[in-house]
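Structure file entry.txt (compact mmCIF, C-alpha atoms and all ligand atoms) is printed below.
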# COMPACT_ATOMS: atom_id res chain seq x y z
CA MET A 1079 -59.41 38.60 -16.93
CA LYS A 1080 -56.75 37.21 -19.15
CA PHE A 1081 -54.54 39.58 -21.04
CA SER A 1082 -55.27 37.93 -24.38
CA LYS A 1083 -58.97 38.54 -23.77
CA ILE A 1084 -58.38 42.18 -23.09
CA VAL A 1085 -56.32 42.57 -26.21
CA CYS A 1086 -58.98 40.79 -28.20
CA LEU A 1087 -61.69 42.96 -26.83
CA PHE A 1088 -59.87 45.98 -28.10
CA PHE A 1089 -59.13 44.34 -31.39
CA SER A 1090 -62.75 43.52 -31.78
CA LEU A 1091 -63.58 47.20 -31.28
CA VAL A 1092 -61.06 48.20 -33.88
CA LEU A 1093 -62.02 45.43 -36.24
CA PHE A 1094 -65.75 45.88 -36.13
CA GLY A 1095 -65.41 49.35 -37.58
CA SER A 1096 -65.79 48.28 -41.18
CA CYS A 1097 -65.29 45.39 -43.45
CA ALA A 1098 -62.13 45.57 -45.51
CA MET A 1099 -62.02 43.77 -48.82
CA LYS A 1100 -58.61 44.79 -49.98
CA SER A 1101 -56.62 41.72 -50.78
CA PHE A 1102 -52.87 41.29 -50.90
CA GLU A 1103 -50.85 38.76 -52.79
CA ALA A 1104 -50.43 35.81 -50.46
CA LYS A 1105 -46.89 34.53 -50.14
CA PRO A 1106 -45.82 31.11 -48.96
CA ASN A 1107 -43.10 32.34 -46.57
CA PRO A 1108 -44.76 32.45 -43.12
CA GLN A 1109 -42.42 35.24 -42.02
CA GLN A 1110 -42.81 37.35 -45.16
CA GLU A 1111 -46.48 37.31 -45.93
CA VAL A 1112 -46.61 40.56 -47.84
CA GLY A 1113 -44.46 42.71 -50.11
CA GLU A 1114 -42.00 42.11 -52.91
CA THR A 1115 -38.48 41.82 -51.50
CA GLN A 1116 -36.08 44.59 -52.46
CA HIS A 1117 -32.40 43.86 -52.00
CA GLU A 1118 -29.51 46.31 -52.03
CA VAL A 1119 -25.94 45.07 -51.70
CA ALA A 1120 -22.56 46.79 -51.62
CA TYR A 1121 -19.02 45.59 -51.15
CA GLU A 1122 -16.83 48.60 -50.46
CA ALA A 1123 -13.25 48.94 -49.23
CA THR A 1124 -14.24 49.62 -45.61
CA TYR A 1125 -17.74 48.19 -45.32
CA VAL A 1126 -20.26 45.70 -46.69
CA LYS A 1127 -23.99 46.20 -46.98
CA SER A 1128 -27.01 43.96 -47.50
CA VAL A 1129 -30.46 45.51 -47.12
CA LEU A 1130 -33.66 43.53 -47.61
CA TYR A 1131 -37.01 45.24 -47.25
CA PRO A 1132 -40.53 44.78 -48.65
CA LYS A 1133 -42.28 46.84 -51.31
CA THR A 1134 -45.99 46.65 -50.58
CA ASN A 1135 -47.32 49.05 -53.22
CA ILE A 1136 -49.03 51.04 -50.48
CA ALA A 1137 -47.40 54.44 -50.96
CA ALA A 1138 -47.53 55.65 -47.33
CA LEU A 1139 -46.20 52.37 -45.98
CA ASP A 1140 -43.45 52.06 -48.61
CA LYS A 1141 -42.34 55.64 -47.93
CA GLU A 1142 -42.11 55.00 -44.20
CA ILE A 1143 -40.12 51.79 -44.75
CA THR A 1144 -37.63 53.41 -47.13
CA ASP A 1145 -37.32 56.46 -44.84
CA ILE A 1146 -36.34 54.19 -41.94
CA VAL A 1147 -33.88 52.26 -44.10
CA LYS A 1148 -32.28 55.46 -45.45
CA ASP A 1149 -32.11 57.01 -42.01
CA TYR A 1150 -30.26 54.04 -40.48
CA GLU A 1151 -27.98 53.82 -43.49
CA SER A 1152 -26.95 57.47 -43.42
CA LYS A 1153 -26.31 57.26 -39.67
CA PHE A 1154 -24.19 54.15 -40.27
CA LEU A 1155 -22.17 55.88 -42.98
CA ASN A 1156 -21.54 58.78 -40.61
CA LYS A 1157 -20.44 56.46 -37.83
CA ILE A 1158 -17.88 54.65 -40.01
CA LYS A 1159 -16.07 57.80 -41.14
CA GLY A 1160 -12.43 57.08 -40.34
CA TYR A 1161 -13.24 53.43 -39.49
CA LYS A 1162 -10.15 51.28 -39.64
CA ASP A 1163 -10.14 47.61 -38.74
CA GLU A 1164 -9.05 44.31 -40.26
CA ARG A 1165 -12.69 43.30 -40.36
CA LYS A 1166 -14.93 45.38 -42.58
CA ALA A 1167 -17.78 47.32 -41.03
CA GLU A 1168 -21.21 45.91 -41.89
CA PHE A 1169 -24.72 47.20 -42.43
CA ASN A 1170 -27.47 44.57 -42.67
CA ILE A 1171 -31.26 44.82 -42.68
CA GLY A 1172 -33.64 41.87 -42.80
CA TYR A 1173 -37.41 41.95 -42.50
CA GLN A 1174 -40.56 40.13 -41.56
CA SER A 1175 -43.99 41.10 -42.84
CA TYR A 1176 -47.31 39.85 -41.54
CA LEU A 1177 -50.95 40.12 -42.51
CA LYS A 1178 -53.27 39.96 -39.55
CA ASP A 1179 -56.10 39.81 -42.05
CA ASP A 1180 -57.01 41.77 -45.17
CA ARG A 1181 -56.75 44.99 -43.22
CA TYR A 1182 -53.70 45.13 -40.95
CA ILE A 1183 -50.16 44.85 -42.27
CA SER A 1184 -47.19 44.63 -39.90
CA ILE A 1185 -43.57 45.12 -40.87
CA LYS A 1186 -40.59 44.34 -38.65
CA LEU A 1187 -37.14 45.54 -39.69
CA ASP A 1188 -34.09 43.96 -38.04
CA ILE A 1189 -31.16 46.33 -38.34
CA PHE A 1190 -27.70 44.94 -37.66
CA GLU A 1191 -24.47 46.94 -37.60
CA HIS A 1192 -20.90 45.90 -37.11
CA ILE A 1193 -18.62 48.83 -36.26
CA TYR A 1194 -15.89 47.29 -34.10
CA GLU A 1195 -18.77 45.55 -32.30
CA ASN A 1196 -22.24 44.21 -33.19
CA THR A 1197 -25.35 46.31 -32.55
CA GLU A 1198 -28.95 45.42 -33.33
CA TYR A 1199 -32.01 47.61 -33.63
CA ILE A 1200 -35.66 46.73 -34.22
CA GLU A 1201 -38.26 48.89 -35.98
CA THR A 1202 -41.89 47.89 -36.37
CA LEU A 1203 -44.73 49.41 -38.35
CA VAL A 1204 -48.40 48.41 -38.19
CA TYR A 1205 -50.57 49.84 -40.95
CA ASP A 1206 -54.35 49.95 -41.12
CA SER A 1207 -55.09 49.74 -44.84
CA VAL A 1208 -58.72 50.77 -44.38
CA LYS A 1209 -58.18 53.92 -42.36
CA GLU A 1210 -54.89 54.43 -44.19
CA LYS A 1211 -52.94 55.19 -41.06
CA PHE A 1212 -50.31 53.69 -38.81
CA ILE A 1213 -51.44 51.99 -35.59
CA THR A 1214 -49.82 52.74 -32.25
CA LEU A 1215 -50.23 50.89 -28.98
CA TYR A 1216 -52.84 53.46 -27.86
CA ASP A 1217 -55.03 52.49 -30.82
CA ILE A 1218 -55.50 49.02 -29.34
CA MET A 1219 -54.99 49.49 -25.60
CA ASP A 1220 -55.83 52.00 -22.92
CA GLU A 1221 -53.75 52.65 -19.82
CA LYS A 1222 -55.41 49.87 -17.85
CA ASN A 1223 -54.58 47.34 -20.56
CA ILE A 1224 -51.00 48.54 -20.74
CA GLN A 1225 -50.74 47.96 -16.99
CA THR A 1226 -52.00 44.38 -17.46
CA LEU A 1227 -49.52 43.89 -20.29
CA SER A 1228 -46.71 45.23 -18.11
CA ASN A 1229 -47.60 42.76 -15.33
CA LYS A 1230 -47.75 39.84 -17.77
CA VAL A 1231 -44.40 40.66 -19.36
CA THR A 1232 -42.72 41.20 -15.98
CA THR A 1233 -43.91 37.83 -14.64
CA HIS A 1234 -43.11 36.04 -17.89
CA PHE A 1235 -39.46 37.06 -17.84
CA GLN A 1236 -39.02 36.85 -14.05
CA GLU A 1237 -40.11 33.20 -14.16
CA ARG A 1238 -37.61 32.42 -16.90
CA PHE A 1239 -34.63 34.57 -15.99
CA PRO A 1240 -34.88 35.19 -12.22
CA ASN A 1241 -31.31 36.48 -11.94
CA GLU A 1242 -31.78 39.29 -14.42
CA CYS A 1243 -35.31 40.46 -13.73
CA TYR A 1244 -35.47 41.85 -10.20
CA ASN A 1245 -33.43 45.04 -10.57
CA ASP A 1246 -34.54 48.64 -11.00
CA SER A 1247 -33.49 48.79 -14.62
CA PHE A 1248 -35.63 45.78 -15.55
CA ARG A 1249 -38.59 47.16 -13.61
CA SER A 1250 -38.41 50.54 -15.29
CA LYS A 1251 -38.18 48.99 -18.75
CA THR A 1252 -41.22 46.79 -18.19
CA SER A 1253 -43.26 49.46 -16.38
CA ALA A 1254 -46.64 50.42 -17.79
CA VAL A 1255 -45.64 53.19 -20.16
CA GLU A 1256 -46.33 53.14 -23.87
CA GLN A 1257 -42.71 53.50 -25.03
CA ASN A 1258 -41.76 50.20 -23.36
CA PHE A 1259 -44.18 48.33 -25.64
CA ASN A 1260 -44.21 50.29 -28.87
CA SER A 1261 -42.43 47.62 -30.93
CA PHE A 1262 -45.07 45.08 -31.91
CA VAL A 1263 -46.61 43.24 -34.84
CA LEU A 1264 -50.08 41.78 -35.34
CA ARG A 1265 -50.00 38.26 -36.72
CA LYS A 1266 -53.06 36.17 -37.65
CA ASP A 1267 -53.27 34.50 -34.27
CA ARG A 1268 -51.20 36.64 -31.90
CA ILE A 1269 -49.64 39.96 -31.03
CA VAL A 1270 -45.86 39.91 -30.62
CA PHE A 1271 -43.93 42.55 -28.64
CA TYR A 1272 -40.21 43.05 -29.23
CA PHE A 1273 -37.56 44.24 -26.82
CA PRO A 1274 -34.40 45.18 -28.72
CA GLN A 1275 -30.86 44.37 -27.70
CA GLY A 1276 -29.91 46.35 -24.61
CA SER A 1277 -33.48 47.23 -23.56
CA LEU A 1278 -34.45 44.34 -21.27
CA PHE A 1279 -31.42 42.09 -21.76
CA ASP A 1280 -28.09 42.07 -23.54
CA ASN A 1281 -29.83 40.17 -26.34
CA SER A 1282 -33.15 40.99 -27.94
CA ALA A 1283 -36.30 39.34 -26.58
CA SER A 1284 -39.97 39.01 -27.50
CA PHE A 1285 -43.29 38.34 -25.81
CA GLU A 1286 -46.27 36.75 -27.56
CA SER A 1287 -49.94 36.83 -26.64
CA PHE A 1288 -52.51 34.77 -28.55
CA TYR A 1289 -55.94 36.07 -29.45
CA HIS A 1290 -57.49 32.56 -29.41
CA ASN A 1291 -59.63 32.97 -26.33
CA SER A 1292 -62.16 35.01 -28.19
CA GLU A 1293 -62.33 33.64 -31.67
CA ASP A 1294 -66.06 34.03 -31.48
CA ILE A 1295 -65.86 37.80 -31.39
CA LEU A 1296 -62.70 38.14 -33.42
CA ASP A 1297 -62.90 37.30 -37.07
CA SER A 1298 -59.37 35.93 -37.06
CA LYS A 1299 -58.07 33.58 -39.65
CA LYS A 1300 -56.07 30.53 -38.70
CA GLU A 1301 -52.39 30.56 -39.43
CA THR A 1302 -51.81 28.62 -42.61
CA THR A 1303 -48.69 26.55 -43.06
CA PRO A 1304 -47.03 26.82 -46.44
CA THR A 1305 -47.47 23.92 -48.80
CA TYR A 1306 -45.12 23.26 -51.67
CA VAL A 1307 -45.74 21.10 -54.65
CA SER A 1308 -43.71 18.04 -53.74
CA TYR A 1309 -40.63 17.65 -55.85
CA ASP A 1310 -40.87 14.48 -57.85
CA GLN A 1311 -37.42 13.08 -57.03
CA VAL A 1312 -34.85 13.20 -59.82
CA LEU A 1313 -36.77 11.52 -62.63
CA ASN A 1314 -37.16 14.62 -64.72
CA GLU A 1315 -33.64 15.94 -64.41
CA PRO A 1316 -31.92 16.43 -67.74
CA VAL A 1317 -29.15 14.11 -68.82
CA LYS A 1318 -25.95 16.06 -69.29
CA ASN A 1319 -23.29 15.64 -71.91
CA ILE A 1320 -20.22 17.24 -70.42
CA ASP A 1321 -16.92 16.69 -72.23
CA PRO A 1322 -14.22 16.65 -69.52
CA ASN A 1323 -11.56 17.49 -72.10
CA LYS A 1324 -13.16 20.73 -73.23
CA PRO A 1325 -12.98 24.02 -71.31
CA MET A 1326 -15.73 24.74 -68.81
CA ILE A 1327 -16.77 27.56 -66.51
CA ALA A 1328 -19.40 28.10 -63.83
CA LEU A 1329 -21.72 31.08 -63.78
CA THR A 1330 -22.92 31.77 -60.24
CA PHE A 1331 -25.77 34.01 -59.08
CA ASP A 1332 -26.01 35.22 -55.49
CA ASP A 1333 -28.71 36.78 -53.31
CA GLY A 1334 -31.83 35.58 -55.16
CA PRO A 1335 -34.12 34.21 -56.14
CA THR A 1336 -36.12 37.19 -57.36
CA LYS A 1337 -39.25 36.60 -59.39
CA ARG A 1338 -38.40 38.92 -62.25
CA TYR A 1339 -34.66 38.54 -62.79
CA THR A 1340 -34.09 34.93 -61.77
CA SER A 1341 -36.84 33.88 -64.19
CA ALA A 1342 -35.25 35.90 -67.00
CA ILE A 1343 -31.84 34.33 -66.30
CA LEU A 1344 -33.36 30.84 -66.22
CA ASP A 1345 -35.02 31.56 -69.58
CA SER A 1346 -31.67 32.56 -71.15
CA LEU A 1347 -29.91 29.49 -69.75
CA LYS A 1348 -32.69 27.22 -71.01
CA GLU A 1349 -32.63 28.73 -74.48
CA HIS A 1350 -28.94 27.86 -74.83
CA ASN A 1351 -29.00 24.59 -72.91
CA ALA A 1352 -26.56 26.01 -70.34
CA ASN A 1353 -26.33 25.47 -66.58
CA ALA A 1354 -25.46 27.68 -63.63
CA THR A 1355 -25.37 27.74 -59.85
CA PHE A 1356 -27.68 29.83 -57.69
CA PHE A 1357 -26.54 30.73 -54.18
CA VAL A 1358 -29.92 31.57 -52.70
CA LEU A 1359 -30.82 33.31 -49.46
CA GLY A 1360 -33.04 31.23 -47.20
CA SER A 1361 -35.35 34.20 -46.66
CA ASN A 1362 -35.87 34.63 -50.42
CA ALA A 1363 -36.06 30.93 -51.23
CA ALA A 1364 -39.21 30.46 -49.20
CA ASN A 1365 -40.86 33.23 -51.21
CA ALA A 1366 -40.26 31.56 -54.56
CA PRO A 1367 -40.39 27.76 -54.19
CA GLU A 1368 -41.45 27.37 -57.82
CA LEU A 1369 -38.18 28.99 -58.99
CA LEU A 1370 -36.06 26.62 -56.90
CA GLN A 1371 -37.92 23.63 -58.29
CA ARG A 1372 -37.43 24.95 -61.79
CA MET A 1373 -33.67 25.29 -61.14
CA ILE A 1374 -33.41 21.63 -60.16
CA LEU A 1375 -35.56 20.37 -63.01
CA GLU A 1376 -33.49 22.31 -65.53
CA GLY A 1377 -30.22 20.90 -64.25
CA HIS A 1378 -28.88 23.86 -62.23
CA GLU A 1379 -27.30 23.68 -58.80
CA ILE A 1380 -28.57 25.42 -55.68
CA GLY A 1381 -26.08 26.60 -53.08
CA ASN A 1382 -26.52 27.99 -49.56
CA HIS A 1383 -25.91 31.76 -49.20
CA THR A 1384 -27.17 31.86 -45.58
CA PHE A 1385 -30.58 33.00 -44.38
CA SER A 1386 -30.17 36.73 -43.80
CA HIS A 1387 -26.94 37.69 -45.60
CA LYS A 1388 -24.91 38.72 -42.56
CA GLN A 1389 -21.13 38.74 -42.69
CA LEU A 1390 -20.60 35.42 -40.89
CA THR A 1391 -17.26 36.47 -39.42
CA THR A 1392 -19.08 38.93 -37.14
CA LEU A 1393 -21.33 36.21 -35.66
CA SER A 1394 -20.92 33.63 -32.89
CA LYS A 1395 -20.49 30.02 -33.95
CA ALA A 1396 -24.03 29.19 -32.82
CA ASN A 1397 -25.43 32.02 -34.92
CA ILE A 1398 -23.38 30.97 -37.96
CA GLU A 1399 -24.78 27.44 -37.65
CA GLU A 1400 -28.30 28.82 -37.34
CA GLU A 1401 -27.86 30.80 -40.58
CA ILE A 1402 -26.59 27.75 -42.45
CA ILE A 1403 -29.00 25.15 -41.07
CA ALA A 1404 -32.13 27.28 -41.51
CA THR A 1405 -31.20 27.74 -45.17
CA GLN A 1406 -30.37 24.05 -45.71
CA GLU A 1407 -33.77 23.10 -44.28
CA THR A 1408 -35.65 25.71 -46.31
CA ILE A 1409 -34.05 24.50 -49.54
CA HIS A 1410 -34.60 20.86 -48.61
CA ASN A 1411 -38.28 21.47 -47.87
CA ILE A 1412 -38.73 22.86 -51.35
CA THR A 1413 -36.43 20.70 -53.49
CA ASN A 1414 -36.08 17.51 -51.46
CA ARG A 1415 -32.29 17.86 -51.42
CA TYR A 1416 -29.65 19.53 -49.28
CA PRO A 1417 -27.12 21.86 -50.93
CA ALA A 1418 -23.55 20.58 -50.96
CA ILE A 1419 -22.01 24.02 -51.37
CA ILE A 1420 -21.98 27.26 -49.40
CA ARG A 1421 -20.95 30.75 -50.36
CA PRO A 1422 -20.64 32.95 -47.26
CA PRO A 1423 -21.92 36.51 -47.87
CA TYR A 1424 -19.12 38.77 -49.15
CA GLY A 1425 -16.88 35.67 -49.23
CA SER A 1426 -16.00 36.37 -45.57
CA ARG A 1427 -14.83 33.34 -43.63
CA ASN A 1428 -12.85 32.36 -40.55
CA GLU A 1429 -12.22 29.20 -38.56
CA ASN A 1430 -15.78 29.20 -37.11
CA VAL A 1431 -17.26 29.46 -40.60
CA MET A 1432 -15.10 26.60 -41.85
CA GLN A 1433 -16.16 24.40 -38.92
CA SER A 1434 -19.83 25.29 -39.28
CA ALA A 1435 -19.79 24.33 -42.97
CA GLN A 1436 -19.49 20.68 -41.84
CA GLY A 1437 -18.41 18.87 -44.99
CA LYS A 1438 -20.02 21.22 -47.46
CA LYS A 1439 -17.70 22.94 -49.90
CA ILE A 1440 -17.08 26.66 -49.57
CA VAL A 1441 -17.23 28.32 -52.97
CA ASN A 1442 -15.42 31.52 -53.91
CA TRP A 1443 -15.05 33.04 -57.37
CA SER A 1444 -12.29 33.95 -59.79
CA ILE A 1445 -14.08 36.66 -61.79
CA ASP A 1446 -16.07 39.33 -59.97
CA THR A 1447 -18.36 41.08 -62.46
CA ARG A 1448 -19.14 43.83 -59.89
CA ASP A 1449 -22.62 43.86 -61.39
CA TRP A 1450 -24.07 45.37 -58.20
CA LYS A 1451 -21.99 48.50 -58.86
CA ASP A 1452 -22.03 48.82 -62.65
CA ARG A 1453 -25.64 48.31 -63.60
CA ASN A 1454 -24.66 48.09 -67.24
CA ALA A 1455 -24.89 44.90 -69.30
CA ASP A 1456 -22.11 45.87 -71.74
CA VAL A 1457 -19.63 46.59 -68.93
CA ILE A 1458 -20.41 43.23 -67.28
CA VAL A 1459 -20.10 41.32 -70.57
CA LYS A 1460 -16.77 42.98 -71.39
CA ARG A 1461 -15.40 42.34 -67.89
CA VAL A 1462 -16.05 38.61 -68.29
CA LEU A 1463 -14.94 38.21 -71.92
CA ASP A 1464 -11.69 40.12 -71.33
CA THR A 1465 -10.41 37.72 -68.66
CA VAL A 1466 -12.32 34.43 -68.87
CA LYS A 1467 -10.36 31.17 -68.92
CA ASP A 1468 -10.95 27.46 -68.38
CA GLY A 1469 -12.13 26.66 -64.84
CA ASP A 1470 -13.33 30.15 -63.92
CA ILE A 1471 -16.15 30.75 -61.44
CA ILE A 1472 -17.98 33.97 -62.28
CA LEU A 1473 -19.80 36.00 -59.62
CA MET A 1474 -23.07 37.77 -60.46
CA HIS A 1475 -26.32 38.62 -58.68
CA ASP A 1476 -29.82 37.75 -59.92
CA LEU A 1477 -31.06 41.08 -58.57
CA TYR A 1478 -30.75 43.41 -61.53
CA ALA A 1479 -32.21 43.88 -65.01
CA SER A 1480 -28.70 44.70 -66.28
CA THR A 1481 -27.37 41.36 -65.02
CA ALA A 1482 -30.21 39.41 -66.65
CA GLN A 1483 -29.49 41.27 -69.89
CA ALA A 1484 -25.75 40.56 -69.60
CA VAL A 1485 -26.48 36.85 -69.16
CA SER A 1486 -28.54 36.76 -72.37
CA ILE A 1487 -25.51 38.17 -74.25
CA LEU A 1488 -22.80 36.26 -72.38
CA VAL A 1489 -24.17 32.72 -72.55
CA PRO A 1490 -24.13 32.35 -76.37
CA GLN A 1491 -20.81 34.23 -76.67
CA LEU A 1492 -19.07 32.02 -74.12
CA GLN A 1493 -20.41 28.92 -75.85
CA GLU A 1494 -19.16 30.23 -79.19
CA GLN A 1495 -15.69 30.49 -77.64
CA GLY A 1496 -15.93 26.78 -76.77
CA TYR A 1497 -16.83 27.00 -73.06
CA GLN A 1498 -19.26 24.55 -71.51
CA LEU A 1499 -21.41 26.26 -68.88
CA VAL A 1500 -21.59 23.85 -65.94
CA THR A 1501 -22.49 23.92 -62.25
CA VAL A 1502 -19.92 24.45 -59.48
CA SER A 1503 -20.06 20.79 -58.41
CA GLU A 1504 -19.51 19.67 -62.01
CA LEU A 1505 -16.51 21.97 -62.28
CA TYR A 1506 -15.20 20.36 -59.09
CA ILE A 1507 -15.87 16.81 -60.30
CA TYR A 1508 -13.95 17.41 -63.52
CA GLY A 1509 -11.05 18.80 -61.53
CA LYS A 1510 -10.70 22.16 -63.21
CA LYS A 1511 -8.09 23.46 -60.72
CA PRO A 1512 -10.79 23.92 -58.09
CA GLN A 1513 -8.56 25.35 -55.33
CA PRO A 1514 -8.65 28.03 -54.04
CA LYS A 1515 -12.04 28.68 -55.64
CA ILE A 1516 -13.65 25.63 -54.05
CA ILE A 1517 -12.56 24.65 -50.55
CA ASP A 1518 -13.34 21.34 -48.83
CA THR A 1519 -14.39 21.50 -45.18
CA LYS A 1520 -14.31 18.74 -42.58
ZN ZN B 1601 -24.47 37.91 -51.42

Show how you would write the structure in this file as structure tokens.
Ligand code: ZN
Amino acid sequence: MKFSKIVCLFFSLVLFGSCAMKSFEAKPNPQQEVGETQHEVAYEATYVKSVLYPKTNIAALDKEITDIVKDYESKFLNKIKGYKDERKAEFNIGYQSYLKDDRYISIKLDIFEHIYENTEYIETLVYDSVKEKFITLYDIMDEKNIQTLSNKVTTHFQERFPNECYNDSFRSKTSAVEQNFNSFVLRKDRIVFYFPQGSLFDNSASFESFYHNSEDILDSKKETTPTYVSYDQVLNEPVKNIDPNKPMIALTFDDGPTKRYTSAILDSLKEHNANATFFVLGSNAANAPELLQRMILEGHEIGNHTFSHKQLTTLSKANIEEEIIATQETIHNITNRYPAIIRPPYGSRNENVMQSAQGKKIVNWSIDTRDWKDRNADVIVKRVLDTVKDGDIILMHDLYASTAQAVSILVPQLQEQGYQLVTVSELYIYGKKPQPKIIDTK
């Protein structure tokens, strides 16, 4: 009997229990099907932090997610006591969230630390919203099934990586015990098991098993691919009247888009006929295609802020390219255009980052509002107005109510002082002393 059949048999037992009619807001990102993304960032003297996790509005699940996040973060802060290195330490969490159907929600948290070296952890949660409890492997498999799973996984990896999969360590970590397989998620069409860095291999690995052999007994929904309203070329873009002889500055917003705050910022900009640049995260962009399309149609610029907000200087060149390309493609799918500008998270860059940027401009800033730290509109407004001058690039984040409020105050005040609010590329075109704020790459 095939493994997928066995799994399905057990799913069918679990699933036939009752009929769940709870519905969750469907999201277009195929890797983040549920939850509103929460994002915490910090840029401290010795470390940087970017934490993305979902808020599902299911109290027990949200508590468990935030407990895990807090636990890893406090351990990280303990570990970096006395940390001293040229390169800042880093704490990064990204997530995936899946709906198997209206009943089962799976969350996968990818925890990444840099403390002299890179370490990755994986945490998964599977929640049964009908029984209101978390699912473990024993809820869907008995010992016999776990043995079959163990055999399947062993063969799968031995066929692919024969040199690494015939030692005692590999055998013990794929043996038929529950703790070897307790990281998993239930997707619409498959179960995916994860093996974190250092468990089976030096890098993390996963094993997928499809349910499809028994669709007749399993009420499984087909995976749906996201569809975006196609962007109608450039016909509707506003005509701009920029006076190259008058002062101009570029407002920039990182880490979004977020439904609530990006919309509010776009409203303020529209009201005053001003433009800005949004350095979006690939993982957030796919959740809010309508906001990206609105940005383009209202004359703003979209920049690449990588997919998962890792400090690029801690990654291999291949991983840096992956972060950049995945984000370029996500933005292109939605807006029909590729960003010409990149802002690496935390502004961190090295030779590998410069090479991976491949002709796109790397964009820094000249005024840091530190809005992530001072969640106070008046402080942010004052910080900008006290120092602003022609050609400035101003760093903010469309993550906070205080930032959205600051923008509604700042935009008319800056215009009153004679500044034109333009995009980064426009600032570059009009030659407002772009270097070192905007750097060309080969
Ligand atoms: Zn950022």

**Report entry** Proximity to Val1204 in chain A - best of A:Lys1186, A:Arg1427, A:Lys1266, A:Lys1348, all atoms listed in the file
**Finding:** A:Lys1186

Ser1253 in chain A environment, 8 Å, all atoms listed in the file, sequence neighbours closer than 4 positions dropped, as an mmCIF file with C-alpha atoms, keeping the file's coordinate frame:
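part_16.cif was written with the following content:
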data_model
loop_
_atom_site.group_PDB
_atom_site.id
_atom_site.type_symbol
_atom_site.label_atom_id
_atom_site.label_comp_id
_atom_site.auth_asym_id
_atom_site.auth_seq_id
_atom_site.Cartn_x
_atom_site.Cartn_y
_atom_site.Cartn_z
ATOM 1 C CA GLN A 1225 -50.740 47.960 -16.990
ATOM 2 C CA SER A 1228 -46.710 45.230 -18.110
ATOM 3 C CA ARG A 1249 -38.590 47.160 -13.610
ATOM 4 C CA ASN A 1258 -41.760 50.200 -23.360
#

Report task. Could you give me the residues within 8 Å of ligand ZN 1601 (chain B), counting all atoms listed in the file, as JSON, numbers by chain? Result -> {"A": [1119, 1128, 1332, 1333, 1357, 1383, 1387, 1422, 1423, 1424, 1475]}

Report task. For CA of Leu1477 in chain A and CA of Phe1331 in chain A, quote the distance in Å rounded to one decimal. Result ->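 The value is 8.8 Å.
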
Report summary line: Using only C-alpha atoms, the best pick from A:Val1112, A:Ile1158, A:Ala1138, A:Val1129 as closest to Lys1388 in chain A would be A:Val1129

Report task. Find the spatial neighbours of range 1360-1364 of chain A, counting only C-alpha atoms, within a cut-off of 9 Å - ignore same-chain residues fewer than 3 positions away - and output them as a ChimeraX atom specification. Result -> /A:1105-1110,1115,1172,1333-1336,1367,1369-1370,1382-1386,1401-1402,1404-1409,1412

Find the smallest box with edges along x, y and z containing every listed atom of range 1472-1482 of chain A, then add 6 Å on each side and report centre and edge lengths in Å to one decimal, as JSON.
{"center_x": -25.1, "center_y": 39.3, "center_z": -62.6, "size_x": 26.2, "size_y": 22.7, "size_z": 20.1}

Requested in this report: In Å, rounded to a single decimal, give me how far CA of Gln1389 in chain A is from CA of Lys1337 in chain A.
Outcome: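 According to the coordinates, CA of Lys1337 in chain A and CA of Gln1389 in chain A are separated by 24.7 Å.
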
Report task. Could you give me, as a list in words, the residues that have an atom at most 9 Å away from the point (-19.9, 46.5, -47.9) in the coordinates of the file, using all atoms listed in the file? Result ->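 Residues found, by chain and rising number: Val1119, Ala1120, Tyr1121, Glu1122, Ala1123, Thr1124, Tyr1125, Val1126, Lys1127, Ser1128, Lys1166, Ala1167, Glu1168, Phe1169 and Tyr1424 of chain A.
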
Query - Pairwise distance for CA of Ser1287 in chain A and CA of Lys1230 in chain A, rounded to one decimal in Å - result: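 CA of Ser1287 in chain A sits 9.6 Å away from CA of Lys1230 in chain A.
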
At a cut-off of 6 Å from (-55.9, 47.1, -45.9) in the coordinates of the file, what residues are picked up using all atoms listed in the file, written as an mmCIF file with C-alpha atoms, in the coordinates of the input?
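Result file is selection37.cif:
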data_model
loop_
_atom_site.group_PDB
_atom_site.id
_atom_site.type_symbol
_atom_site.label_atom_id
_atom_site.label_comp_id
_atom_site.auth_asym_id
_atom_site.auth_seq_id
_atom_site.Cartn_x
_atom_site.Cartn_y
_atom_site.Cartn_z
ATOM 1 C CA LYS A 1100 -58.610 44.790 -49.980
ATOM 2 C CA ASP A 1180 -57.010 41.770 -45.170
ATOM 3 C CA ARG A 1181 -56.750 44.990 -43.220
ATOM 4 C CA TYR A 1182 -53.700 45.130 -40.950
ATOM 5 C CA ASP A 1206 -54.350 49.950 -41.120
ATOM 6 C CA SER A 1207 -55.090 49.740 -44.840
ATOM 7 C CA VAL A 1208 -58.720 50.770 -44.380
#

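Nearest to Thr1519 in chain A of all the residues A:Gln1483, A:Asn1430, A:Arg1372, A:Ala1342 is A:Asn1430, counting all atoms listed in the file.
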
**Report entry** Pick from A:Val1457, A:Val1485, A:Val1466, A:Ile1146, whichever lies nearest to Pro1325 in chain A using all atoms listed in the file
**Finding:**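 The answer is A:Val1466, which sits nearest to Pro1325 in chain A.
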
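Counting all atoms listed in the file, the residue from A:Pro1132, A:Tyr1216, A:Thr1197, A:Glu1151 that sits nearest to Ser1184 in chain A is A:Pro1132.
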
Query raised in the report: Of the candidates A:Ala1396, A:Ala1366, A:Leu1155, A:Ile1517, which shows the shortest atom-to-atom distance to Ile1419 in chain A, using all atoms listed in the file?
Result: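 Closest to Ile1419 in chain A of all the choices is A:Ile1517.
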